[in-house]
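Everything below belongs to target_12.cif, which stores mmCIF, C-alpha atoms and all ligand atoms.
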```cif
data_protein
loop_
_atom_site.label_atom_id
_atom_site.label_comp_id
_atom_site.auth_asym_id
_atom_site.auth_seq_id
_atom_site.Cartn_x
_atom_site.Cartn_y
_atom_site.Cartn_z
CA MET A 95 -8.59 -4.07 13.99
CA ASP A 96 -6.94 -7.27 12.75
CA VAL A 97 -4.65 -8.53 15.54
CA GLY A 98 -3.90 -11.54 13.31
CA ARG A 99 -1.60 -9.25 11.35
CA LEU A 100 0.77 -9.43 14.33
CA ALA A 101 1.09 -13.20 13.93
CA MET A 102 4.86 -13.25 13.38
CA PRO A 103 6.36 -15.68 15.92
CA ILE A 104 7.42 -13.67 18.96
CA GLY A 105 10.91 -15.19 18.83
CA GLU A 106 11.38 -14.04 15.26
CA ALA A 107 10.20 -10.54 16.14
CA MET A 108 12.49 -10.28 19.18
CA PHE A 109 15.55 -11.79 17.54
CA THR A 110 15.35 -9.68 14.37
CA GLN A 111 14.37 -6.37 15.94
CA ARG A 112 17.24 -3.99 15.48
CA ALA A 113 17.65 -0.25 15.39
CA THR A 114 16.28 1.12 12.10
CA ARG A 115 17.72 4.55 11.38
CA ARG A 116 17.15 4.77 7.62
CA PHE A 117 13.53 4.91 6.50
CA ARG A 118 11.67 4.90 3.23
CA PRO A 119 9.33 7.89 2.91
CA ASP A 120 6.20 5.79 2.29
CA PRO A 121 3.41 6.69 4.71
CA LEU A 122 2.23 4.08 7.21
CA PRO A 123 -1.37 2.88 7.06
CA MET A 124 -3.35 4.34 9.97
CA GLU A 125 -4.67 0.85 10.75
CA ASP A 126 -1.05 -0.28 11.30
CA ILE A 127 -0.38 2.72 13.53
CA ARG A 128 -3.47 1.77 15.48
CA LEU A 129 -2.30 -1.86 15.82
CA MET A 130 1.06 -0.72 17.22
CA VAL A 131 -0.60 1.59 19.73
CA GLU A 132 -3.12 -1.09 20.74
CA ALA A 133 -0.20 -3.48 21.36
CA ALA A 134 1.52 -0.78 23.44
CA SER A 135 -1.63 -0.30 25.51
CA LYS A 136 -1.53 -3.96 26.59
CA ALA A 137 1.88 -3.66 28.29
CA PRO A 138 2.41 -4.08 32.03
CA ASN A 139 2.38 -0.84 33.98
CA GLY A 140 2.42 0.18 37.64
CA GLY A 141 -0.88 -0.55 39.41
CA ASN A 142 -2.56 -0.56 35.99
CA ARG A 143 -2.75 3.21 36.41
CA GLN A 144 -1.94 3.54 32.68
CA ILE A 145 -0.02 6.79 32.80
CA ALA A 146 1.61 6.20 29.39
CA ARG A 147 0.52 8.54 26.62
CA PHE A 148 1.48 8.35 22.97
CA LEU A 149 1.61 11.26 20.59
CA VAL A 150 1.64 10.05 16.98
CA VAL A 151 2.88 12.58 14.45
CA THR A 152 2.38 12.00 10.72
CA ASP A 153 1.72 15.56 9.58
CA ARG A 154 4.62 16.44 7.22
CA PRO A 155 5.21 20.04 8.31
CA ARG A 156 5.18 18.99 11.98
CA VAL A 157 7.61 16.14 11.41
CA GLU A 158 9.91 18.50 9.50
CA THR A 159 9.81 21.13 12.23
CA PHE A 160 10.44 18.47 14.85
CA GLY A 161 13.33 17.09 12.76
CA ALA A 162 15.28 20.32 13.21
CA LEU A 163 14.71 20.18 16.98
CA TYR A 164 15.76 16.53 17.11
CA ARG A 165 18.97 17.31 15.23
CA GLU A 166 19.78 20.12 17.64
CA ALA A 167 19.09 17.80 20.60
CA TRP A 168 21.28 15.04 19.14
CA TRP A 169 24.24 17.37 18.76
CA ALA A 170 23.66 18.81 22.24
CA LYS A 171 23.97 15.25 23.61
CA ARG A 172 27.17 14.72 21.65
CA ARG A 173 28.56 17.99 22.99
CA ASP A 174 27.73 16.99 26.59
CA GLU A 175 28.69 13.31 26.40
CA GLN A 176 31.63 13.22 23.96
CA GLY A 177 32.66 16.85 23.50
CA TRP A 178 31.92 16.56 19.77
CA SER A 179 30.71 19.56 17.81
CA GLY A 180 30.50 18.29 14.23
CA PRO A 181 30.71 15.25 11.92
CA ASP A 182 34.53 15.34 11.75
CA ASP A 183 34.69 14.65 15.50
CA ILE A 184 32.96 11.25 15.15
CA PRO A 185 35.53 8.46 14.72
CA ALA A 186 35.10 6.64 11.40
CA GLU A 187 34.92 3.28 13.20
CA ASP A 188 32.10 4.46 15.51
CA LYS A 189 29.36 3.05 13.32
CA THR A 190 26.56 3.51 15.86
CA HIS A 191 27.17 7.24 16.29
CA ARG A 192 27.66 7.69 12.53
CA ALA A 193 24.31 5.97 11.90
CA ALA A 194 22.66 7.96 14.69
CA MET A 195 23.99 11.18 13.14
CA GLY A 196 22.38 10.09 9.86
CA LEU A 197 19.07 9.67 11.67
CA ALA A 198 19.47 13.14 13.20
CA ASP A 199 19.77 14.51 9.64
CA GLU A 200 16.86 12.44 8.32
CA MET A 201 14.38 12.68 11.20
CA ARG A 202 12.64 15.47 9.27
CA ASP A 203 11.79 13.00 6.50
CA VAL A 204 10.50 10.01 8.49
CA PRO A 205 6.88 9.07 7.78
CA CYS A 206 5.84 8.86 11.41
CA VAL A 207 7.21 9.76 14.83
CA VAL A 208 5.69 8.48 18.06
CA PHE A 209 6.49 10.18 21.36
CA ALA A 210 6.21 7.97 24.44
CA LEU A 211 5.09 10.25 27.27
CA ALA A 212 3.67 9.91 30.76
CA LEU A 213 1.19 11.72 32.94
CA PRO A 214 2.42 12.70 36.42
CA PRO A 215 4.22 11.21 38.28
CA GLY A 216 5.69 10.20 34.96
CA ALA A 217 7.62 7.06 35.94
CA ALA A 218 9.63 5.68 33.03
CA ASN A 219 9.12 2.10 34.12
CA SER A 220 5.39 2.34 33.38
CA VAL A 221 6.07 3.56 29.85
CA LEU A 222 9.07 1.61 28.59
CA PRO A 223 7.33 -1.80 28.43
CA ALA A 224 4.64 -0.16 26.30
CA ALA A 225 7.26 1.38 24.03
CA GLN A 226 8.86 -2.03 23.52
CA ASN A 227 5.45 -3.59 22.76
CA LEU A 228 4.92 -0.87 20.16
CA MET A 229 8.30 -1.55 18.56
CA LEU A 230 7.78 -5.33 18.51
CA ALA A 231 4.39 -4.84 16.89
CA ALA A 232 6.11 -2.59 14.37
CA ARG A 233 8.61 -5.36 13.64
CA ALA A 234 5.78 -7.84 13.06
CA LEU A 235 4.27 -5.42 10.53
CA GLY A 236 7.59 -4.93 8.72
CA ILE A 237 7.96 -1.43 10.16
CA GLY A 238 11.33 -0.34 11.53
CA SER A 239 11.84 1.70 14.68
CA VAL A 240 14.45 2.91 17.13
CA PRO A 241 14.02 4.41 20.59
CA THR A 242 15.71 7.80 20.88
CA THR A 243 15.86 10.58 23.41
CA LEU A 244 16.00 14.38 23.41
CA HIS A 245 18.04 16.87 25.47
CA PRO A 246 17.14 19.37 28.20
CA ASP A 247 18.09 22.24 25.85
CA VAL A 248 15.05 21.53 23.66
CA MET A 249 12.44 20.25 26.11
CA ASP A 250 10.52 23.51 26.55
CA ARG A 251 10.33 23.99 22.80
CA PHE A 252 9.34 20.33 22.35
CA HIS A 253 6.42 20.73 24.76
CA ALA A 254 5.36 23.99 23.09
CA MET A 255 5.65 22.54 19.56
CA PHE A 256 2.99 19.92 20.26
CA ALA A 257 1.03 21.73 23.01
CA ILE A 258 2.08 19.09 25.54
CA PRO A 259 1.36 20.16 29.14
CA SER A 260 4.54 20.94 31.02
CA ASP A 261 3.90 18.25 33.66
CA VAL A 262 3.77 15.49 31.04
CA SER A 263 7.09 13.65 30.95
CA PHE A 264 8.94 12.70 27.81
CA HIS A 265 10.51 9.24 27.59
CA PHE A 266 11.16 8.21 24.00
CA CYS A 267 10.95 9.60 20.52
CA ILE A 268 10.37 6.63 18.20
CA PRO A 269 10.66 7.19 14.45
CA LEU A 270 8.71 4.60 12.46
CA GLY A 271 8.78 3.60 8.81
CA TYR A 272 9.60 0.89 6.34
CA PRO A 273 13.35 0.33 6.52
CA ARG A 274 15.87 1.13 3.84
CA GLY A 275 17.86 -2.03 4.47
CA GLY A 276 16.54 -4.95 6.42
CA PHE A 277 15.83 -6.37 9.80
CA GLY A 278 18.21 -8.92 11.18
CA PRO A 279 20.25 -10.26 14.01
CA THR A 280 21.82 -7.96 16.56
CA SER A 281 25.14 -8.23 18.34
CA ARG A 282 24.91 -8.61 22.10
CA LYS A 283 27.13 -9.86 24.93
CA PRO A 284 26.72 -13.57 25.71
CA THR A 285 24.07 -14.04 28.37
CA ARG A 286 26.72 -15.91 30.41
CA GLU A 287 28.33 -12.51 30.90
CA THR A 288 25.14 -10.68 31.81
CA THR A 289 23.16 -13.25 33.80
CA TYR A 290 23.73 -14.97 37.12
CA LEU A 291 21.88 -17.81 38.80
CA ASN A 292 20.62 -17.54 42.38
CA ARG A 293 23.31 -15.08 43.56
CA TRP A 294 25.49 -12.37 42.11
CA GLU A 295 28.31 -13.73 39.92
CA GLN A 296 27.20 -17.37 40.17
CA PRO A 297 27.33 -18.62 36.56
CA VAL A 298 24.31 -19.80 34.61
CA PRO A 299 24.46 -23.48 33.55
CA TRP A 300 24.91 -22.84 29.84
CA GLU A 301 27.85 -22.01 27.62
C1 LIG A 401 17.62 4.76 26.27
C2 LIG A 401 17.98 4.63 24.81
C3 LIG A 401 18.36 5.77 24.11
C4 LIG A 401 18.72 5.69 22.76
N1 LIG A 401 19.02 6.84 22.09
C5 LIG A 401 19.28 6.77 20.77
C6 LIG A 401 19.48 7.96 20.03
O1 LIG A 401 19.40 9.08 20.56
N2 LIG A 401 19.74 7.87 18.72
C7 LIG A 401 19.79 6.65 18.08
O2 LIG A 401 20.00 6.62 16.87
N3 LIG A 401 19.59 5.49 18.76
C8 LIG A 401 19.32 5.53 20.08
N4 LIG A 401 19.08 4.37 20.78
C9 LIG A 401 19.16 3.08 20.09
C10 LIG A 401 20.41 2.31 20.49
O3 LIG A 401 21.55 2.93 19.96
C11 LIG A 401 20.28 0.87 19.97
O4 LIG A 401 19.17 0.27 20.62
C12 LIG A 401 21.52 0.05 20.28
O5 LIG A 401 22.66 0.62 19.66
C13 LIG A 401 21.36 -1.39 19.79
O6 LIG A 401 21.11 -1.38 18.40
P1 LIG A 401 20.74 -2.73 17.62
O7 LIG A 401 19.48 -3.26 18.25
O8 LIG A 401 20.57 -2.35 16.18
O9 LIG A 401 21.88 -3.68 17.83
C14 LIG A 401 18.71 4.43 22.12
C15 LIG A 401 18.29 3.30 22.81
C16 LIG A 401 17.89 3.39 24.13
C17 LIG A 401 17.39 2.16 24.84
#
```
Structure encoded using structure tokens:
Amino acid sequence: MDVGRLAMPIGEAMFTQRATRRFRPDPLPMEDIRLMVEAASKAPNGGNRQIARFLVVTDRPRVETFGALYREAWWAKRRDEQGWSGPDDIPAEDKTHRAAMGLADEMRDVPCVVFALALPPGAANSVLPAAQNLMLAARALGIGSVPTTLHPDVMDRFHAMFAIPSDVSFHFCIPLGYPRGGFGPTSRKPTRETTYLNRWEQPVPWE
């Protein structure tokens, strides 16, 4: 394992990591998949109990079968959260949901999907730092990613599809692949609006 391949400056990785939802079909080298998972394994976690588990799926028929489930889950979320039932319901200016719908259609074609899971008690906060490590390592390798979720409607079938024990919790579904399009800056609120110093609502000393 060549950790030197993750040598991209951490600032560059963090400041150019954005949601990749359009992927080239090229398969990912297994050594790169390993590097990403090794990086994930180094993340902080509660009591170092290491409850995070990763299920890496590269097998084409499995990814395709999962893609249909993912699409169903995505539309179930849209039904619950926005009351939408089809593409015409998504406002043209809602670029994030339009892109996310595209991913729901294309999940079946992505070269690799990683599920971030947890053994009981399944706390998310012991898994999410590992997922972010995995996605930053992906960025350093030129591999795009985006954290996504599923929906209660599909969870039993999801567990059955991959023979995941029912007490193993699901946290993220992370498609991975070389991006169609690039990496680049993201748009976020100014930290002056999101960060306080010493007490709630006391401004930070920067513009
Ligand atoms: C908890 C969580 C759930 C998300 N679910 C989805 C999802 O279901 N589908 C999707 O395409 N993106 C999903 N995302 C990605 C976000 O939409 C994305 O991180 C956000 O819009 C910022 O994108 P950017 O980094 O490209 O600016 C999710 C992100 C998080 C943290």
> A:Arg99, A:Arg143, A:Arg251, A:His245: which is nearest ligand LIG 401 (chain A), counting all atoms listed in the file?
Replying inline: A:His245
Put the listed atoms of ligand LIG 401 (chain A) in a box along x, y and z with 4 Å added on every side and give me the centre and edge lengths in Å to one decimal, as lines of an AutoDock Vina configuration file.
```
center_x = 20.0
center_y = 2.7
center_z = 21.2
size_x = 13.3
size_y = 20.8
size_z = 18.1
```
> Out of A:Arg202, A:Arg116, A:Arg147, A:Arg128, which residue has the shortest atom-to-atom distance to Phe264 of chain A when counting only C-alpha atoms?
Replying inline: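 Ranking A:Arg202, A:Arg116, A:Arg147, A:Arg128 by distance to Phe264 of chain A, first place goes to A:Arg147.
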Per residue of chain A within 8 Å of ligand LIG 401 (chain A), record the nearest atom pair and its distance in Å to one decimal, counting only C-alpha atoms and all ligand atoms, with rows in chain order and ascending residue number, as CSV.
```
residue,atom,partner,partner_atom,distance
A:Gln111,CA,A:LIG401,O7,6.4
A:Arg112,CA,A:LIG401,O7,3.6
A:Ala113,CA,A:LIG401,O8,3.7
A:Thr114,CA,A:LIG401,O8,6.9
A:Arg115,CA,A:LIG401,O2,6.3
A:Trp168,CA,A:LIG401,O1,6.4
A:Thr190,CA,A:LIG401,O5,6.2
A:His191,CA,A:LIG401,O2,7.2
A:Ala193,CA,A:LIG401,O2,6.6
A:Ala194,CA,A:LIG401,O2,3.7
A:Met195,CA,A:LIG401,O2,7.1
A:Leu197,CA,A:LIG401,O2,6.1
A:Ala198,CA,A:LIG401,O2,7.5
A:Val240,CA,A:LIG401,C9,5.6
A:Pro241,CA,A:LIG401,C14,4.9
A:Thr242,CA,A:LIG401,N1,3.7
A:Thr243,CA,A:LIG401,O1,4.8
A:Leu244,CA,A:LIG401,O1,6.9
A:Phe266,CA,A:LIG401,C3,7.6
A:Pro279,CA,A:LIG401,O9,7.8
A:Thr280,CA,A:LIG401,O9,4.5
A:Ser281,CA,A:LIG401,O9,5.6
A:Arg282,CA,A:LIG401,O9,7.2
```
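Each of A:Ala218, A:Leu235, A:Ala224, A:Leu213 was checked against Asp261 of chain A using all atoms listed in the file; the smallest atom-to-atom distance is that of A:Leu213.
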> With only C-alpha atoms as the basis for distance, which of A:Leu211, A:Val204, A:Arg156, A:Met255 is at the shortest distance from Ile237 of chain A?
Replying inline: A:Val204
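Remark: for Tyr164 of chain A, the closest of the candidate residues A:Leu149, A:Ala257, A:Met201, A:Val207 is A:Met201 (distances computed over only C-alpha atoms).
Between atom CA of Pro246 of chain A and atom CA of Glu166 of chain A the separation is 10.9 Å.
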